[in-house]
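Please read the structure below before turning to the comments.
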Protein chains: 2
Amino acid sequence: MPSVTKNAPSANGTHSNGAATTGPNAKIQITGKATPSKLQAHKMVFYFGKTRVDGEMSQKLLLGGKGANLADMCSIGLPVPPGFTITTETCAAYYRAGQRLPVGLMNEVHKYVNMLEKETGKKFGSPDNPMLVSVRSGAAVSMPGMMDTILNLGLTDQAVEGLAVKTKNKRFAYDAYRRLINMFGDVVMGVGHHKFEDAFKHIKAKYKAATDNDVPTEGIVELCELYKEVFRKHVGEVFPQNPFKQLELAIEAVFKSWNGDRAISYRRIQGISGLLGTAVNVQVMAFGNMGDDSGTGVGFTRNPATGDNKFYGDFLINAQGEDVVAGIRSPKLIDEMPKWNKKVYDELQKIKTKLEKHYKDMQDIEFTIEQGKLYMLQTRTGKRTGAAAIKIACDMVKDRLITEKEALVRIPAGDLTQLLLPMFDPTKRKLAVVLTRGIAASPGAAVGKLSFTASDAVERKSKGEKVILVREETSPEDVEGMHSATGILTSTGGRASHAAVVAVGWGKPCVVGAGEMLIDAKAGTCKMGGRTLTREDTISIDGSTGEVMVLAGAAGASAGGGGIPTIEPEKLSGDFATIMRWSDKYRTLDIRTNADTPADARKGRDFGAAGIGLCRTEHMFFEGDRIRAMREMILAGDEASRRKALEKLLPYQRDDFVGIFTAMKGLPVTVRLIDPPLHEFVPHEEKQQAELAKKMGMTLEKVQQRIAQLHEANPMLGHRGCRLCITYPEILEMQVRAIVEATLDCVANGIRAMPEIMIPLVGTVKEFEVLKAQTLATIDAVKKEKGWQKRIDIPIGTMIEVPRACVTADEIAAGGAEFFSFGTNDLTQMTYGFSRDDIGTFLPDYLHKEILAGDPFVSLDTTGVGALVEMGVAKGRSVNDKLKIGICGEHGGDPKSVHFFHKAGMDYVSCSPFRVPIARLAAAQAAIMHAV
Amino acid sequence: MPSVTKNAPSANGTHSNGAATTGPNAKIQITGKATPSKLQAHKMVFYFGKTRVDGEMSQKLLLGGKGANLADMCSIGLPVPPGFTITTETCAAYYRAGQRLPVGLMNEVHKYVNMLEKETGKKFGSPDNPMLVSVRSGAAVSMPGMMDTILNLGLTDQAVEGLAVKTKNKRFAYDAYRRLINMFGDVVMGVGHHKFEDAFKHIKAKYKAATDNDVPTEGIVELCELYKEVFRKHVGEVFPQNPFKQLELAIEAVFKSWNGDRAISYRRIQGISGLLGTAVNVQVMAFGNMGDDSGTGVGFTRNPATGDNKFYGDFLINAQGEDVVAGIRSPKLIDEMPKWNKKVYDELQKIKTKLEKHYKDMQDIEFTIEQGKLYMLQTRTGKRTGAAAIKIACDMVKDRLITEKEALVRIPAGDLTQLLLPMFDPTKRKLAVVLTRGIAASPGAAVGKLSFTASDAVERKSKGEKVILVREETSPEDVEGMHSATGILTSTGGRASHAAVVAVGWGKPCVVGAGEMLIDAKAGTCKMGGRTLTREDTISIDGSTGEVMVLAGAAGASAGGGGIPTIEPEKLSGDFATIMRWSDKYRTLDIRTNADTPADARKGRDFGAAGIGLCRTEHMFFEGDRIRAMREMILAGDEASRRKALEKLLPYQRDDFVGIFTAMKGLPVTVRLIDPPLHEFVPHEEKQQAELAKKMGMTLEKVQQRIAQLHEANPMLGHRGCRLCITYPEILEMQVRAIVEATLDCVANGIRAMPEIMIPLVGTVKEFEVLKAQTLATIDAVKKEKGWQKRIDIPIGTMIEVPRACVTADEIAAGGAEFFSFGTNDLTQMTYGFSRDDIGTFLPDYLHKEILAGDPFVSLDTTGVGALVEMGVAKGRSVNDKLKIGICGEHGGDPKSVHFFHKAGMDYVSCSPFRVPIARLAAAQAAIMHAV
């Protein structure tokens, strides 16, 4: 992030700072694994302060993240309370020595404390003007489970009196002391925290104090005595009155915490290795609660919600940092600060500029004013909304603080979602009750009444009602109802379940796998969060968090709650458009969209898609009369009857393609031939089966028999994909005919249709060869029939989605596949052996126990599935180095996965329309970050 | 197969035969792809006969299979009708020249015909003593679709008269002539066969002849005239009266047939490439129908059914080869030949010895005696039964004809099945009616009455009845019923369906996927082959052929048929034992068995298994009280109740292990932890659910709710395998406890138990690490409880059965897996995306259309699944080169797959007890054939 400043040390371990270069330089001998090649002498302690800075940002491994950061802040001249960092190498030496502090370390510490005394003019342990320090751990990567912080170290029975005099605040001084004894006893010496709590309760009772703050000064003084007694009793020694003894014990406690159970298990689970140990940061305390000339605050160098280039934050007078976070007192806005202390305010403004110039990004800062003097405690890159990220990036480019590439790289691509979908009004949302939580499957906010069947949803939509479709799971039969609903909520399934995939495709909010919810569709009720809701109740679902909510208070009789008001998103314009323009300039991946309808196609195109990467044809079979013809085809007993039914479907399918080709004119449209198993198209309830039987002039028994025959134990691994066209070539013929006829229609009308035909689920080259031959034959037949003379060029390719296709991708390329499109949903299912519909039963456990880092259906598993993808790309290109390769499936809209696909050498990714902008940005980031 | 004999030519293309080396030597220039490096001169024609042999067995690529064979037979001095072979290179030259016979070819042919005339003393086209020849195609590999045979070539209007005089049989001569015209017209000139048929019908009508044989000589003479007229009319030229013209046209027709549609598509489908073309074999005719001193016969040099070392065959006097095959006349046994012609019989006996000495194997021969002179027409390795294969191999080793290694390599390992399972009595089987055919899933013959439910099968078995369990499909609930049945028949599923896998494990005959069968279990009927069978009817199923049969005649009222009598197999003794001993001597792979019960364990051990490679623990949960405790565990609402139920299961499971460890004492037993999804253990019919609810004191609704929760869309990819132990660690604890307690019990009683614990379905190393840690903790806990001081060593490993495990096998090995066992059933399912339960719907089409060469659940797909196996082995060993690697699953008993596993560097294969001998032999063959 930040670059090296002028005064920073020039090399590891030695320093060349302008000031005070004659510091102590005792060395320790390290002979362990960390330095295998030769014996080396290492500096154990690094100073940071106004007078001198030993370390630099790049020395994170040696100084830990926090230590390097403090050094960096000092090196640009920020007013940071001075301190020093004991290196991670010293921690390693501690362990090599059998858990003994290295010889000479405490001598060094003494010398550095002296330096601090010189810089602050205070004295460690002094009864007049005592210097207090904090001690903190800090490894190279953030690591829960290690010792956190000890504050106020250096206070003793003598020093506390000095502090009381110096601050003219006895209560403050003794309060600091009792905090030290408590923290030190608990964290360093292992005295249970509750032992101190008991003593505090005793004092509060004695002084009849309701809260800690009500205890008078004498009570706090008395409390310190009690605490010291607790300490003595449980430790077996008195609380150390030598501040250096305190420091020594604290340093050792930090080192020990490196190998605490929690830290070890954290490193194991996160796969963190190669670190030397933890550093120890000793820093002079600054107090914001020393009176009305003191204070503390937090802020952002720009507005993190909007991105406005204006200092944004809060401060509290006479308070500690914790008080701001605790939210007990209402802080003031930074804008009010000049009235209180103009000098500090101006200094903060200067620091804002300095920080942004140095870090080249908006910063999140913490600061303290001790008796009128400003100290910076922390600065880090500030979190921000998607909108702010975009505005800040654009503004900083305008101000020439950063380049376009830098601007692009720092915008979290996934956050763009916020700009594209409605969100709940945050002020109103606070009033909502969360009834249950499911898996956040498709982002966005949706509000509506409960609807338990697809037909009900369709009917109520037509009457203008807003409904949320609530089901155990959805199937293609429900598609029309899903489309009619404003949002979808299911009790089973994961992020790749039918409901989730369809919803993501439409950009419709969806929560799945809300397993605590009990639906009784017959009764028209649904239990969750202890309430029973009916179809007259309104719920709000947040597809970005998985929450299912009702507005409290506004309840009806049974359950209650109206909907939470939503805020509509901004348009793709202004800074957003700028970011997209820059993205397109730098990315090398093409971005296509997945779209099955002209409306979706247009949406994707509006969002910048360069074509359709996946046009599923089966969704087209569900509407109105089509499903009837489809079912006729499925129930047909022989090829002739199947062909008759398919003839009825042909005009519908052709018209669909004309619509899509027209919407995408001049851009390629990859049409996937039928994929799902046939049983997805037939009704599973007896009533509907009886209707169907009547319509088709068959007996119910016959219909049920055929449907039973279609039943599969594992449909995902069953008779689907290209396997259908192998057994029923007439389906392929109808679909290819529809594509070709639509193409010729379009071209005849001056519309440049550019279809590509994609054969799904190919596992062996022979499947592809047989179906390609049949496809070509059908294309020729249609051309001949229509007397078409001109050349039409329809590439024929395949999805690579079963592991065997990756392993034999060279054969499939040699068999004449003109493009590959990786179907990473199915590939993930089969590589892991995870059914996307059933993963809900164990995924939560897997995430909780950190067996999986994340849902592999959201972000591609690069180690396993990714290795197969890379194999497929390499093998395919080994035969045909011009082979066009892309991916379709929702990983195409996941930024992390897009990076992987870029590196894997793909030509394009394809994702749902709403994720196209995300993919454009992610692709640019990948190109910039992985540029050779 | 055969080795080169003394007089055989020494090198490609040139010859050094003892006789007549001054043959013509015209060369053709070949410059095409076939000889890319330089221009070479090639000999176009190779002679074979008594006087000289140009070719040799090794020249198959140049001479074709047939040509090389004929040369070989001649080279060992067999009385073969002489002839010559035009090379495959000449065919290639024909195509390079734009389908023109190479310059000089016909000159060559002339010269070689002269040579034949010299050797036979006959003359081509002669009116006195005409020499007739046959013309046959013959590529390096057998290839349907090419031109077959033209006989009697060389007959003309003149020559036919000569033949009539010479043979003193005018009818014979003209019959030969009319056959030539017909064949030549049809095959060479493309005149439809039916045109000749029409003419024949006309003649038969004219002479009032019922059959061809009733037509008198004058009719045949007249027929020749009619045929010539048909020829002239449709070809536009008269039938060629120049025998060399006939020969030239026939040769060209053979060449042309190389690129016929059928031949091209055959080569494409079979993946045959790299061949030059077809050879043409021109051979002098020998006639067995020239009178009572002539004859024809077929035979085996040893008895192909028993292996007895005695000439075995049939012959017919005054007949052509076709007559033997047609089976119109009853042939005589070879034993009767001395009475007819002692000289020929003695010569055949000598030839038997010569052939076996040369080919070192039992031969299947065809011969003809022309006017007292014996001609050998063909010899090839004879097909034989498993028993004969073993006896012949052992006998030949005893006689020092072949080595042990040679003996082993030539026994088809799969044929050993015949020796291990009951077979139908072949004489009685002829009387059976085949009602339907399914997939042959588990070999052997079974007879019994139909039983439609598992409980019915159990009940009737207990009454001593023999039943065949007839179901649409089976599930683990049916296991007891399956065990009670003598055989299993299902209407769905493939070779890896539940029914098939369980049946193979038990060596129980099983036919699956008999899709035409309609079962109505409620009515207790089953329709197939146009009959309706009830539970009182007896059927016979052949698990080796997939046939479902009833005995005709012995029918009852509705359908009928008693069972076909069966013959019990021989024991593993005598020659069989010898073969096994030799196998063990040469193989390097260990063979283990899959066994879940002490009985199976003993069976596997008796068959020579060196341990158990797969002990499934879940089958143990089905009997009696166990299933109740299992269901209690599954229906339990919390961990405490689950633990209570598991405690009930513990003693059962421990006793099972004691039994198995005792049966296998001193040998390793790999125990797989629970694998199937929990819903396999709960009842799916309401009646049983109600019973269960009552027993458990729960409401039916509650039971159904829990069962519904367990339902999965794709159970194969669902909550199973190690995923169960991740979510329910208490199941693993109980199982590991049972294993350890059983081990300590055994060891305390002096029984050397050697368990290995196998964690199934691992897809990521973290699953393995978490469960291994838990396993180790449980082992330690049990040891501590029991006060066990001594070391016990229980290796902990994993199944590699999801593709991701192959891809990340290095990580899994690094995570501490002490062994890998490839589960190739599941790996095949996920690599192809084929559900073993659903493949039945499309596999027949896939096999029929040659998209798959075979069922990948029977013989491992080495290209796809095998590549992942190789990757898994390589990655695993890259981390731990001592890693023990095996495979379990039925591929372990498939000879072809065993070869692959040997090459892949595995340590062992494990298969069902009945396939252990097969695996032992196959492993030896693999070691011998792939020895470096």
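Ordered as shown in the structure tokens, chains take letters A, B, and onward, while each chain numbers its residues from 1 and ligands are numbered from 1 in the order shown.
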Original post:
Got a sec to tell me which of range 808-881 of chain A DSSP assigns to helix (DSSP H, G or I), as a PyMOL selection string?
Top reply: chain A and resi 809-814+824-832+839-841+843-848+865-879
**OP:** Find the spatial neighbours of Lys508 in chain A, counting only C-alpha atoms, within a cut-off of 9 Å - ignore same-chain residues fewer than 3 positions away - and output them as a PyMOL selection string.
**Re:** chain A and resi 421+442-446+483+485-488+502-505+543
With C-alpha atoms kept, could you save the residues just selected as a PDB file, in the first residue's frame?
```
ATOM      1  CA  LEU A 421     -30.166  -3.452  -6.396  1.00  0.00           C
ATOM      2  CA  SER A 442     -29.351 -13.566  -4.450  1.00  0.00           C
ATOM      3  CA  PRO A 443     -28.811 -10.045  -3.139  1.00  0.00           C
ATOM      4  CA  GLY A 444     -31.354  -7.297  -2.857  1.00  0.00           C
ATOM      5  CA  ALA A 445     -34.330  -6.340  -0.709  1.00  0.00           C
ATOM      6  CA  ALA A 446     -37.797  -7.715  -1.298  1.00  0.00           C
ATOM      7  CA  HIS A 483     -41.053 -14.770 -11.791  1.00  0.00           C
ATOM      8  CA  ALA A 485     -42.869 -13.018  -6.911  1.00  0.00           C
ATOM      9  CA  THR A 486     -40.803 -10.057  -5.735  1.00  0.00           C
ATOM     10  CA  GLY A 487     -38.575 -12.444  -3.817  1.00  0.00           C
ATOM     11  CA  ILE A 488     -38.065 -16.126  -3.123  1.00  0.00           C
ATOM     12  CA  VAL A 502     -32.833 -18.811 -11.183  1.00  0.00           C
ATOM     13  CA  ALA A 503     -33.078 -15.848  -8.818  1.00  0.00           C
ATOM     14  CA  VAL A 504     -29.495 -14.754  -9.406  1.00  0.00           C
ATOM     15  CA  GLY A 505     -30.159 -14.934 -13.110  1.00  0.00           C
ATOM     16  CA  GLY A 543     -30.892 -11.533  -0.155  1.00  0.00           C
TER      17      GLY A 543
END
```
When the cut-off is 6 Å and we count only C-alpha atoms, which residues of chain B are near chain A, given as a PDB file with all heavy atoms, in the first residue's frame?
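Result file selection.pdb:
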```pdb
ATOM      1  N   GLU B 712     -33.132 -36.492   0.186  1.00  0.00           N
ATOM      2  CA  GLU B 712     -32.154 -35.733  -0.600  1.00  0.00           C
ATOM      3  C   GLU B 712     -32.471 -35.822  -2.086  1.00  0.00           C
ATOM      4  O   GLU B 712     -32.949 -36.853  -2.568  1.00  0.00           O
ATOM      5  CB  GLU B 712     -30.743 -36.264  -0.345  1.00  0.00           C
ATOM      6  CG  GLU B 712     -30.266 -35.988   1.067  1.00  0.00           C
ATOM      7  CD  GLU B 712     -28.819 -36.408   1.274  1.00  0.00           C
ATOM      8  OE1 GLU B 712     -28.490 -37.556   0.949  1.00  0.00           O
ATOM      9  OE2 GLU B 712     -28.032 -35.584   1.750  1.00  0.00           O
ATOM     10  N   ASN B 714     -30.198 -35.642  -4.490  1.00  0.00           N
ATOM     11  CA  ASN B 714     -29.149 -36.484  -5.083  1.00  0.00           C
ATOM     12  C   ASN B 714     -28.332 -37.134  -3.976  1.00  0.00           C
ATOM     13  O   ASN B 714     -27.241 -36.676  -3.644  1.00  0.00           O
ATOM     14  CB  ASN B 714     -28.222 -35.645  -5.967  1.00  0.00           C
ATOM     15  CG  ASN B 714     -28.938 -35.052  -7.149  1.00  0.00           C
ATOM     16  OD1 ASN B 714     -29.238 -35.756  -8.109  1.00  0.00           O
ATOM     17  ND2 ASN B 714     -29.253 -33.768  -7.070  1.00  0.00           N
ATOM     18  N   LEU B 717     -24.608 -37.555  -3.928  1.00  0.00           N
ATOM     19  CA  LEU B 717     -23.764 -36.377  -3.754  1.00  0.00           C
ATOM     20  C   LEU B 717     -24.152 -35.640  -2.473  1.00  0.00           C
ATOM     21  O   LEU B 717     -23.934 -34.437  -2.350  1.00  0.00           O
ATOM     22  CB  LEU B 717     -23.937 -35.428  -4.951  1.00  0.00           C
ATOM     23  CG  LEU B 717     -23.706 -36.006  -6.348  1.00  0.00           C
ATOM     24  CD1 LEU B 717     -24.017 -34.953  -7.410  1.00  0.00           C
ATOM     25  CD2 LEU B 717     -22.285 -36.495  -6.505  1.00  0.00           C
ATOM     26  N   GLY B 718     -24.744 -36.358  -1.545  1.00  0.00           N
ATOM     27  CA  GLY B 718     -25.324 -35.681  -0.405  1.00  0.00           C
ATOM     28  C   GLY B 718     -24.573 -35.894   0.894  1.00  0.00           C
ATOM     29  O   GLY B 718     -23.348 -35.989   0.931  1.00  0.00           O
ATOM     30  N   GLY B 763     -12.859 -35.370   0.495  1.00  0.00           N
ATOM     31  CA  GLY B 763     -12.697 -34.502  -0.671  1.00  0.00           C
ATOM     32  C   GLY B 763     -11.697 -33.389  -0.403  1.00  0.00           C
ATOM     33  O   GLY B 763     -11.184 -32.767  -1.323  1.00  0.00           O
ATOM     34  N   LYS B 766      -8.776 -31.293   5.029  1.00  0.00           N
ATOM     35  CA  LYS B 766      -9.229 -30.904   6.362  1.00  0.00           C
ATOM     36  C   LYS B 766     -10.228 -31.901   6.936  1.00  0.00           C
ATOM     37  O   LYS B 766     -10.240 -32.152   8.133  1.00  0.00           O
ATOM     38  CB  LYS B 766      -9.799 -29.487   6.338  1.00  0.00           C
ATOM     39  CG  LYS B 766      -8.664 -28.484   6.262  1.00  0.00           C
ATOM     40  CD  LYS B 766      -9.100 -27.061   6.410  1.00  0.00           C
ATOM     41  CE  LYS B 766      -7.892 -26.150   6.223  1.00  0.00           C
ATOM     42  NZ  LYS B 766      -8.286 -24.756   6.018  1.00  0.00           N
ATOM     43  N   PRO B 803     -13.433 -36.984  -7.292  1.00  0.00           N
ATOM     44  CA  PRO B 803     -12.354 -36.467  -8.146  1.00  0.00           C
ATOM     45  C   PRO B 803     -11.425 -35.497  -7.414  1.00  0.00           C
ATOM     46  O   PRO B 803     -10.213 -35.516  -7.611  1.00  0.00           O
ATOM     47  CB  PRO B 803     -13.121 -35.778  -9.276  1.00  0.00           C
ATOM     48  CG  PRO B 803     -14.390 -36.563  -9.391  1.00  0.00           C
ATOM     49  CD  PRO B 803     -14.744 -36.935  -7.976  1.00  0.00           C
ATOM     50  N   ARG B 804     -11.996 -34.689  -6.528  1.00  0.00           N
ATOM     51  CA  ARG B 804     -11.148 -33.722  -5.848  1.00  0.00           C
ATOM     52  C   ARG B 804     -10.072 -34.389  -5.007  1.00  0.00           C
ATOM     53  O   ARG B 804      -9.000 -33.832  -4.787  1.00  0.00           O
ATOM     54  CB  ARG B 804     -12.003 -32.792  -4.978  1.00  0.00           C
ATOM     55  CG  ARG B 804     -11.246 -31.541  -4.573  1.00  0.00           C
ATOM     56  CD  ARG B 804     -12.101 -30.579  -3.775  1.00  0.00           C
ATOM     57  NE  ARG B 804     -11.405 -29.327  -3.564  1.00  0.00           N
ATOM     58  CZ  ARG B 804     -10.465 -29.129  -2.650  1.00  0.00           C
ATOM     59  NH1 ARG B 804     -10.104 -30.124  -1.881  1.00  0.00           N
ATOM     60  NH2 ARG B 804      -9.859 -27.961  -2.547  1.00  0.00           N
ATOM     61  N   VAL B 807      -7.205 -35.023  -7.282  1.00  0.00           N
ATOM     62  CA  VAL B 807      -6.522 -33.788  -7.657  1.00  0.00           C
ATOM     63  C   VAL B 807      -5.693 -33.244  -6.494  1.00  0.00           C
ATOM     64  O   VAL B 807      -4.656 -32.622  -6.686  1.00  0.00           O
ATOM     65  CB  VAL B 807      -7.567 -32.737  -8.129  1.00  0.00           C
ATOM     66  CG1 VAL B 807      -6.916 -31.405  -8.420  1.00  0.00           C
ATOM     67  CG2 VAL B 807      -8.298 -33.251  -9.372  1.00  0.00           C
ATOM     68  N   MET B 830     -18.645 -40.054 -10.374  1.00  0.00           N
ATOM     69  CA  MET B 830     -18.468 -38.604 -10.347  1.00  0.00           C
ATOM     70  C   MET B 830     -17.620 -38.102 -11.496  1.00  0.00           C
ATOM     71  O   MET B 830     -17.763 -36.967 -11.918  1.00  0.00           O
ATOM     72  CB  MET B 830     -17.867 -38.184  -9.011  1.00  0.00           C
ATOM     73  CG  MET B 830     -18.843 -38.457  -7.881  1.00  0.00           C
ATOM     74  SD  MET B 830     -18.148 -38.033  -6.288  1.00  0.00           S
ATOM     75  CE  MET B 830     -19.180 -39.038  -5.223  1.00  0.00           C
ATOM     76  N   THR B 831     -16.719 -38.936 -11.990  1.00  0.00           N
ATOM     77  CA  THR B 831     -15.885 -38.500 -13.103  1.00  0.00           C
ATOM     78  C   THR B 831     -16.702 -38.402 -14.384  1.00  0.00           C
ATOM     79  O   THR B 831     -16.535 -37.483 -15.180  1.00  0.00           O
ATOM     80  CB  THR B 831     -14.700 -39.458 -13.282  1.00  0.00           C
ATOM     81  OG1 THR B 831     -13.985 -39.526 -12.054  1.00  0.00           O
ATOM     82  CG2 THR B 831     -13.766 -38.981 -14.383  1.00  0.00           C
ATOM     83  N   TYR B 832     -17.606 -39.353 -14.567  1.00  0.00           N
ATOM     84  CA  TYR B 832     -18.494 -39.311 -15.731  1.00  0.00           C
ATOM     85  C   TYR B 832     -19.741 -38.472 -15.465  1.00  0.00           C
ATOM     86  O   TYR B 832     -20.388 -38.013 -16.398  1.00  0.00           O
ATOM     87  CB  TYR B 832     -18.978 -40.719 -16.072  1.00  0.00           C
ATOM     88  CG  TYR B 832     -18.142 -41.485 -17.065  1.00  0.00           C
ATOM     89  CD1 TYR B 832     -17.303 -42.498 -16.665  1.00  0.00           C
ATOM     90  CD2 TYR B 832     -18.221 -41.193 -18.426  1.00  0.00           C
ATOM     91  CE1 TYR B 832     -16.552 -43.220 -17.570  1.00  0.00           C
ATOM     92  CE2 TYR B 832     -17.483 -41.908 -19.343  1.00  0.00           C
ATOM     93  CZ  TYR B 832     -16.648 -42.920 -18.920  1.00  0.00           C
ATOM     94  OH  TYR B 832     -15.924 -43.629 -19.829  1.00  0.00           O
ATOM     95  N   GLY B 833     -20.105 -38.346 -14.174  1.00  0.00           N
ATOM     96  CA  GLY B 833     -21.433 -37.813 -13.870  1.00  0.00           C
ATOM     97  C   GLY B 833     -22.505 -38.834 -14.184  1.00  0.00           C
ATOM     98  O   GLY B 833     -23.572 -38.490 -14.677  1.00  0.00           O
ATOM     99  N   PHE B 834     -22.213 -40.104 -13.911  1.00  0.00           N
ATOM    100  CA  PHE B 834     -23.171 -41.197 -14.148  1.00  0.00           C
ATOM    101  C   PHE B 834     -23.623 -41.750 -12.807  1.00  0.00           C
ATOM    102  O   PHE B 834     -22.801 -42.253 -12.057  1.00  0.00           O
ATOM    103  CB  PHE B 834     -22.494 -42.364 -14.882  1.00  0.00           C
ATOM    104  CG  PHE B 834     -22.247 -42.146 -16.342  1.00  0.00           C
ATOM    105  CD1 PHE B 834     -21.434 -43.035 -17.040  1.00  0.00           C
ATOM    106  CD2 PHE B 834     -22.815 -41.089 -17.031  1.00  0.00           C
ATOM    107  CE1 PHE B 834     -21.184 -42.858 -18.398  1.00  0.00           C
ATOM    108  CE2 PHE B 834     -22.570 -40.904 -18.393  1.00  0.00           C
ATOM    109  CZ  PHE B 834     -21.758 -41.796 -19.078  1.00  0.00           C
ATOM    110  N   SER B 835     -24.904 -41.680 -12.519  1.00  0.00           N
ATOM    111  CA  SER B 835     -25.417 -42.353 -11.327  1.00  0.00           C
ATOM    112  C   SER B 835     -25.524 -43.835 -11.629  1.00  0.00           C
ATOM    113  O   SER B 835     -26.148 -44.230 -12.614  1.00  0.00           O
ATOM    114  CB  SER B 835     -26.790 -41.798 -10.986  1.00  0.00           C
ATOM    115  OG  SER B 835     -27.493 -42.693 -10.167  1.00  0.00           O
ATOM    116  N   ASP B 838     -28.998 -44.980 -12.142  1.00  0.00           N
ATOM    117  CA  ASP B 838     -29.821 -44.427 -13.222  1.00  0.00           C
ATOM    118  C   ASP B 838     -29.245 -44.666 -14.610  1.00  0.00           C
ATOM    119  O   ASP B 838     -29.871 -44.367 -15.614  1.00  0.00           O
ATOM    120  CB  ASP B 838     -30.006 -42.913 -13.010  1.00  0.00           C
ATOM    121  CG  ASP B 838     -30.610 -42.610 -11.645  1.00  0.00           C
ATOM    122  OD1 ASP B 838     -31.594 -43.274 -11.299  1.00  0.00           O
ATOM    123  OD2 ASP B 838     -30.084 -41.748 -10.946  1.00  0.00           O
ATOM    124  N   ILE B 851     -20.814 -45.294 -28.204  1.00  0.00           N
ATOM    125  CA  ILE B 851     -20.264 -44.108 -27.543  1.00  0.00           C
ATOM    126  C   ILE B 851     -19.395 -44.551 -26.383  1.00  0.00           C
ATOM    127  O   ILE B 851     -18.363 -43.955 -26.093  1.00  0.00           O
ATOM    128  CB  ILE B 851     -21.425 -43.185 -27.096  1.00  0.00           C
ATOM    129  CG1 ILE B 851     -22.031 -42.544 -28.349  1.00  0.00           C
ATOM    130  CG2 ILE B 851     -20.932 -42.119 -26.126  1.00  0.00           C
ATOM    131  CD1 ILE B 851     -23.335 -41.849 -28.110  1.00  0.00           C
ATOM    132  N   GLY B 864     -10.170 -41.776 -18.724  1.00  0.00           N
ATOM    133  CA  GLY B 864     -10.676 -40.680 -17.897  1.00  0.00           C
ATOM    134  C   GLY B 864     -10.485 -40.958 -16.419  1.00  0.00           C
ATOM    135  O   GLY B 864      -9.658 -40.336 -15.757  1.00  0.00           O
TER     136      GLY B 864
END
```
**OP:** Can you list, as a ChimeraX atom specification, all residues belonging to range 524-710 of chain B that DSSP tags as strand (DSSP E or B)?
**Re:** /B:525-528,531-534,538-542,547-551,566-567,590-594,612-616,668-672
Original post:
When you draw a straight line from CA of Ala853 in chain B to CA of Ile272 in chain B, how long is it in Å?
Top reply: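 Going from CA of Ala853 in chain B over to CA of Ile272 in chain B, I get 13.6 Å.
Closest approach to Ser641 in chain A from the set A:Asp520, A:Glu730, A:Asp780, A:Glu890 is made by A:Glu730, with distances taken over only C-alpha atoms.
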Subject >> Close residues, range 914-924 of chain B itself excluded, 8 Å, only C-alpha atoms, min 6 positions apart in chain, as a VMD selection string >> reply: chain B and resid 408 to 409 413 to 414 416 to 417 420 505 to 507 579 to 580 583 to 589 591 to 593 603 to 604 607 to 609 892 to 896 898 to 899 902
**OP:** Find the spatial neighbours of range 872-876 of chain B, counting only C-alpha atoms, within a cut-off of 9 Å - ignore same-chain residues fewer than 5 positions away - and output them as a VMD selection string.
**Re:** chain B and resid 800 805 to 814 820 822 867 881 883 885 904 to 906
Subject >> Counting only C-alpha atoms, the residue of A:Phe901, A:Tyr47, A:Phe681, A:Tyr652 that sits nearest Met734 in chain A >> reply: A:Tyr652
